[in-house]
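Here the structure comes first, spelled out in C-alpha cells, and everything after it is commentary.
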There are 2 protein chains.
Amino acid sequence: MSEGEGPGEGLVTAALVVIGDEILSGRTKDKNIGYIAEHLTAIGIQLQEVRVVPDEEPEIVAAVNALRVRYTYVFTTGGIGPTHDDITADAIAKAFGVGIDVDERALAPMQAYFERRGVELTPARLRMARIPFGAELVENSVSIAPGFMLGNVIVMAGIPAIMQVMLDAATKYLKTGKKMLSAALDLYRPEGEIAGMFEALQKRYPDVAMGSYPFMHDGKPGTQLVLRSTDAARLAAAEAELKQQLSARGWL
Amino acid sequence: MSEGEGPGEGLVTAALVVIGDEILSGRTKDKNIGYIAEHLTAIGIQLQEVRVVPDEEPEIVAAVNALRVRYTYVFTTGGIGPTHDDITADAIAKAFGVGIDVDERALAPMQAYFERRGVELTPARLRMARIPFGAELVENSVSIAPGFMLGNVIVMAGIPAIMQVMLDAATKYLKTGKKMLSAALDLYRPEGEIAGMFEALQKRYPDVAMGSYPFMHDGKPGTQLVLRSTDAARLAAAEAELKQQLSARGWL
C-alpha cells in the first residue's frame, strides 16, 4: 500500500510499545495491539509502528526514545503492576532523564480504595503510585492505580480491561488529526486476477492508499480491496472508478 | 523479569517483523505473533523483539537491517502476494543489496500448480516467483508460491495458514539453542501480596527469570507466577523454594 512519505499535513501519528516477556514467549497472546489500532484509527490518529520488547530497562528506554522523536504520540502497554518485573515507570523516567517517586495524586485514591476494600497497602502496591516527575496521571477506573502521560508518551497497563479504560481516559489529552477514511469491497476473485487492474488504479490515485487482502471463506478464495484516504472526495472518486472497473469485467 | 544482558552462551535469538498496514489500521487482527512466539519457544529459539511496520520499503529495510545484525534470525510475515502492495521480497533484496528476479525453482512448481487448476499465470502471479539472489526457498504446501530465507532472514506469508506451513518448512534450516524451560503456578492471591517474597526469590536466583501475571477468573483476582531458565536443575531448585515459601504462608 502506498501510504505516502510519512506524516503529511494534518496527520497525527503514533507508535505503540508492548512491554512483556510473556508476549515474546508466547505464553500470553496480545490482545491490545488490535484494540489500540482500531481505537486510534477511529479518532484520527495513524498508528505507524508497533514494537514488542522484553521487560528489560535498556530495551524499553531504547524503543521509547527511538519512537517518541518520530511520532506524535507513543503508547506503551504493560509493566506497571506491583512486582519486581514491572519496570516501565522507571524506564520511562530514565528515557526522559527525570526523577520518579511516589506521587500524592496517585497515592491518595489508591489508599482510599485499598482501605475501603480492607486490602493492605504493601510496599509492592506502593510501587504502583510511583510516577515520573512532570507526568499527568491517566485514570484507571477499574483498579485505581493510574497510568500516566509524560511528554508525548502515554503509559498504560497490560491487562486489556484496564488498558481500555486508560486509553479512553488518555484520549482527552490527545490532539487528533484528519480522520483516515476507508472503503472496502469483498470480491470472490483471487488476488492474482485483480492485481493488474488494481495497480493501474493505484497509479491514477497516488493519494489514496490501496491494499488487497486475500481471504478464504468456505474454501472459496476471495480478496478484500481496501481504499484509504483522509480526503472524502478523492476516496469516493477512487471507489467509484474501482466499482466501474469491476463491473466492466463482470466481477461485481 | 530479569532475562539477563542479551543472548548468553547457547542461546539462539530471533526477532519478528510483521509487515502490514492492515494490522496497523486495526482492520486485520494479527494472529501470527503469538503463534510464532510459541513455536520458537518450543524449539529453543528466544524471540526477543517484534516490530509491526507499514507496507513501505524504507520502513521494512530499516527494521530488517536493524534486527538482522542483532539476533540470530529475523522472521518476517506479510507482503509476498501478487499485488502492488506486496513489496517484501524487493525490500529484503534491497536490505541485503542483492538483485531479485523470477526464480526458476519457484516458478516451475507454480506453473504446474496453476496449470493443473486451470488458473492463468498472470504477470501479478509471476511476481510471487520473484526471489532475491542467493536465497533458499521456503516451501509453501498450501498455495505453492514460496517464502524464502536469505542470510539469517526468513520471509513468510501473512495469511496464518500459509505462514504456519512455511514456519514448519523453515525450521529445518534453523539451528536451535538451549531450550527455555518454564514452570508456572497459579495462585488466587493478588500480585501486591506476593510481590515482596517473589522479588526476594528473584534475587537469590538471578539466573532464573521470574515474572508474575495478574488474572481475573470469575471475579477472583489471581496471579500466575512463571519461572524460566535453560538450566533444568536451577529451575527445579527455584520452583521448590517458591513452593516452600508459598506453603509456609498458607498460600498453596
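Here's how to read the names in the C-alpha cells: chain A, B, ... by the order shown, residue numbers from 1 in each chain, ligand numbers from 1 in the order shown.
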Hey, list the chain A side of the contact with chain B: 8 Å cut-off, only C-alpha atoms, answer as a short mmCIF file (atom, residue, chain, number, x, y, z; two decimals) with N, CA and C atoms, in the first residue's frame.
```cif
data_model
loop_
_atom_site.label_atom_id
_atom_site.label_comp_id
_atom_site.auth_asym_id
_atom_site.auth_seq_id
_atom_site.Cartn_x
_atom_site.Cartn_y
_atom_site.Cartn_z
N MET A 1 0.85 -1.19 0.00
CA MET A 1 0.00 0.00 0.00
C MET A 1 0.88 1.24 0.00
N SER A 2 0.52 2.23 -0.74
CA SER A 2 1.33 3.44 -0.80
C SER A 2 0.75 4.45 0.18
N GLU A 3 1.37 4.55 1.33
CA GLU A 3 0.84 5.43 2.37
C GLU A 3 1.44 6.82 2.26
N ASP A 21 7.74 -9.88 28.45
CA ASP A 21 8.33 -11.18 28.15
C ASP A 21 7.27 -12.22 27.84
N ILE A 23 4.55 -12.00 26.23
CA ILE A 23 4.10 -11.95 24.84
C ILE A 23 5.17 -12.59 23.95
N LEU A 24 6.43 -12.29 24.24
CA LEU A 24 7.53 -12.80 23.41
C LEU A 24 7.72 -14.30 23.58
N SER A 25 7.35 -14.84 24.74
CA SER A 25 7.48 -16.29 24.93
C SER A 25 6.27 -17.02 24.38
N GLY A 26 5.22 -16.29 24.05
CA GLY A 26 4.01 -16.92 23.54
C GLY A 26 3.05 -17.37 24.63
N ARG A 27 3.46 -17.20 25.88
CA ARG A 27 2.61 -17.66 26.99
C ARG A 27 1.31 -16.87 27.04
N THR A 28 1.40 -15.58 26.80
CA THR A 28 0.21 -14.71 26.74
C THR A 28 0.07 -14.22 25.31
N LYS A 29 -1.15 -14.26 24.80
CA LYS A 29 -1.40 -13.74 23.45
C LYS A 29 -1.85 -12.29 23.56
N ASP A 30 -1.16 -11.41 22.89
CA ASP A 30 -1.50 -9.99 22.95
C ASP A 30 -2.90 -9.73 22.42
N ILE A 33 -2.82 -4.83 20.76
CA ILE A 33 -2.40 -4.18 19.51
C ILE A 33 -3.61 -3.87 18.63
N GLY A 34 -4.43 -4.87 18.39
CA GLY A 34 -5.58 -4.68 17.51
C GLY A 34 -6.58 -3.68 18.07
N TYR A 35 -6.77 -3.73 19.38
CA TYR A 35 -7.72 -2.81 20.01
C TYR A 35 -7.25 -1.37 19.88
N ILE A 36 -5.97 -1.15 20.20
CA ILE A 36 -5.42 0.20 20.15
C ILE A 36 -5.39 0.71 18.71
N ALA A 37 -5.03 -0.17 17.78
CA ALA A 37 -5.01 0.20 16.36
C ALA A 37 -6.38 0.71 15.92
N GLU A 38 -7.41 -0.04 16.27
CA GLU A 38 -8.77 0.37 15.88
C GLU A 38 -9.19 1.67 16.54
N THR A 41 -7.31 4.64 14.94
CA THR A 41 -7.84 4.90 13.61
C THR A 41 -9.17 5.65 13.71
N GLN A 46 -2.94 8.01 13.27
CA GLN A 46 -2.44 6.91 12.44
C GLN A 46 -1.36 6.14 13.20
N LEU A 47 -1.66 4.90 13.54
CA LEU A 47 -0.64 4.04 14.17
C LEU A 47 0.34 3.61 13.09
N GLN A 48 1.61 3.94 13.27
CA GLN A 48 2.58 3.69 12.19
C GLN A 48 3.61 2.62 12.54
N GLU A 49 3.70 2.26 13.79
CA GLU A 49 4.70 1.24 14.15
C GLU A 49 4.33 0.65 15.50
N VAL A 50 4.59 -0.64 15.66
CA VAL A 50 4.44 -1.31 16.95
C VAL A 50 5.74 -2.05 17.24
N ARG A 51 6.19 -2.00 18.47
CA ARG A 51 7.30 -2.85 18.88
C ARG A 51 6.92 -3.62 20.13
N VAL A 52 7.25 -4.90 20.15
CA VAL A 52 7.11 -5.69 21.36
C VAL A 52 8.51 -5.90 21.90
N VAL A 53 8.74 -5.48 23.14
CA VAL A 53 10.08 -5.58 23.74
C VAL A 53 9.99 -6.32 25.07
N PRO A 54 11.12 -6.90 25.51
CA PRO A 54 11.10 -7.62 26.79
C PRO A 54 11.08 -6.67 27.99
N ASP A 55 10.87 -7.24 29.16
CA ASP A 55 10.88 -6.47 30.42
C ASP A 55 12.32 -6.15 30.81
N GLU A 56 13.00 -5.39 29.99
CA GLU A 56 14.39 -5.03 30.28
C GLU A 56 14.54 -3.54 30.06
N GLY A 81 2.56 -2.91 37.06
CA GLY A 81 1.99 -3.55 38.25
C GLY A 81 2.92 -3.46 39.45
N PRO A 82 2.65 -4.27 40.49
CA PRO A 82 3.38 -4.12 41.75
C PRO A 82 4.65 -4.98 41.88
N THR A 83 4.94 -5.86 40.93
CA THR A 83 6.05 -6.80 41.17
C THR A 83 7.36 -6.33 40.56
N HIS A 84 8.43 -7.01 40.92
CA HIS A 84 9.79 -6.57 40.55
C HIS A 84 9.99 -6.54 39.04
N ASP A 85 9.19 -7.28 38.29
CA ASP A 85 9.34 -7.27 36.84
C ASP A 85 8.54 -6.12 36.20
N ASP A 86 7.89 -5.32 37.01
CA ASP A 86 7.16 -4.15 36.50
C ASP A 86 8.07 -2.94 36.55
N THR A 122 0.75 -2.67 50.68
CA THR A 122 2.10 -3.22 50.84
C THR A 122 3.11 -2.33 50.09
N PRO A 123 4.41 -2.46 50.43
CA PRO A 123 5.43 -1.72 49.66
C PRO A 123 5.32 -2.01 48.17
N ALA A 124 4.96 -3.24 47.84
CA ALA A 124 4.82 -3.60 46.42
C ALA A 124 3.70 -2.78 45.78
N ARG A 125 2.57 -2.67 46.47
CA ARG A 125 1.45 -1.90 45.91
C ARG A 125 1.80 -0.42 45.83
N ILE A 159 -3.07 -5.41 31.19
CA ILE A 159 -4.34 -6.16 31.27
C ILE A 159 -5.36 -5.45 30.39
N GLU A 191 -6.64 -12.74 -5.69
CA GLU A 191 -5.80 -11.54 -5.82
C GLU A 191 -5.09 -11.46 -7.17
N GLY A 192 -4.60 -12.62 -7.63
CA GLY A 192 -3.77 -12.65 -8.83
C GLY A 192 -4.50 -12.16 -10.07
N GLU A 193 -5.83 -12.20 -10.07
CA GLU A 193 -6.58 -11.72 -11.23
C GLU A 193 -6.87 -10.23 -11.16
N ALA A 195 -4.97 -8.03 -9.60
CA ALA A 195 -3.77 -7.24 -9.32
C ALA A 195 -3.45 -6.19 -10.38
N GLY A 196 -3.53 -6.58 -11.67
CA GLY A 196 -3.15 -5.64 -12.72
C GLY A 196 -4.02 -4.40 -12.74
N PHE A 198 -5.86 -3.31 -10.35
CA PHE A 198 -5.79 -2.60 -9.07
C PHE A 198 -4.53 -1.72 -9.02
N GLU A 199 -3.44 -2.24 -9.57
CA GLU A 199 -2.20 -1.47 -9.58
C GLU A 199 -2.35 -0.23 -10.47
N MET A 210 -4.11 2.00 -1.37
CA MET A 210 -4.90 0.84 -1.79
C MET A 210 -4.21 -0.44 -1.38
N GLY A 211 -4.93 -1.29 -0.68
CA GLY A 211 -4.37 -2.56 -0.25
C GLY A 211 -5.32 -3.69 -0.62
N SER A 212 -4.77 -4.87 -0.84
CA SER A 212 -5.63 -6.02 -1.11
C SER A 212 -5.26 -7.14 -0.17
N PRO A 214 -6.08 -11.11 0.72
CA PRO A 214 -6.73 -12.37 0.33
C PRO A 214 -7.43 -13.01 1.52
#
```
(request) Write out as number ranges by chain which residues come within 6 Å of region 168-171 of chain B when counting only C-alpha atoms, dropping same-chain ones fewer than 2 positions away. (result) B: 138-139, 165-166, 173-174
Keeping only N, CA and C atoms, take the residues you just selected and write them out as a PDB file, in the first residue's frame.
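Saved the output as out_9.pdb:
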```pdb
ATOM      1  N   VAL B 138      11.574 -21.394   0.835  1.00  0.00           N
ATOM      2  CA  VAL B 138      10.862 -21.990   1.967  1.00  0.00           C
ATOM      3  C   VAL B 138       9.520 -22.476   1.432  1.00  0.00           C
ATOM      4  N   GLU B 139       9.313 -23.775   1.529  1.00  0.00           N
ATOM      5  CA  GLU B 139       8.185 -24.405   0.857  1.00  0.00           C
ATOM      6  C   GLU B 139       6.822 -23.944   1.406  1.00  0.00           C
ATOM      7  N   VAL B 165       2.660 -23.268   7.639  1.00  0.00           N
ATOM      8  CA  VAL B 165       3.384 -24.340   6.936  1.00  0.00           C
ATOM      9  C   VAL B 165       4.779 -23.853   6.536  1.00  0.00           C
ATOM     10  N   MET B 166       4.910 -22.565   6.252  1.00  0.00           N
ATOM     11  CA  MET B 166       6.244 -22.032   5.943  1.00  0.00           C
ATOM     12  C   MET B 166       7.163 -22.076   7.164  1.00  0.00           C
ATOM     13  N   TYR B 173      15.987 -25.422   8.504  1.00  0.00           N
ATOM     14  CA  TYR B 173      17.194 -24.629   8.227  1.00  0.00           C
ATOM     15  C   TYR B 173      17.796 -24.006   9.488  1.00  0.00           C
ATOM     16  N   LEU B 174      17.073 -24.059  10.578  1.00  0.00           N
ATOM     17  CA  LEU B 174      17.445 -23.259  11.745  1.00  0.00           C
ATOM     18  C   LEU B 174      18.262 -24.053  12.745  1.00  0.00           C
TER      19      LEU B 174
END
```
(request) List every residue of region 47-209 of chain B that DSSP, applied to the backbone of this structure, places in alpha helix (DSSP H), and write the result as a PyMOL selection string. (result) chain B and resi 57-68+88-96+104-116+123-127+160-171+191-204
(request) Write out as a ChimeraX atom specification the residues lying within 12 Å of Lys175 (chain A), counting only C-alpha atoms and excluding same-chain residues fewer than 2 positions away. (result) /A:10-14,40,43-46,72-73,152,170-173,177-179
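For the pair CA of Ser143 (chain B) and CA of Ala89 (chain B), the separation is 17.2 Å.
The gap separating CA of Lys94 (chain A) from CA of Val74 (chain A) is 15.5 Å, in Å to one decimal.
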(message) Among region 32-180 of chain B, which ones does DSSP assign to strand (DSSP E or B) (computed from the backbone)? Answer as a ChimeraX atom specification.
(response) /B:45-53,73-77,100-102,130-132,136-138,147-150,153-156
(message) Set the distance at 10 Å and use only C-alpha atoms: which residues neighbour region 104-106 of chain A once local chain neighbours fewer than 4 positions away are removed? I'd like the list as an NGL selection string.
(response) :A and (110-111 or 126 or 128-131 or 136-139 or 144-148)
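Across the structure, CA of Ser229 (chain A) and CA of Arg249 (chain A) are spaced 25.2 Å apart.
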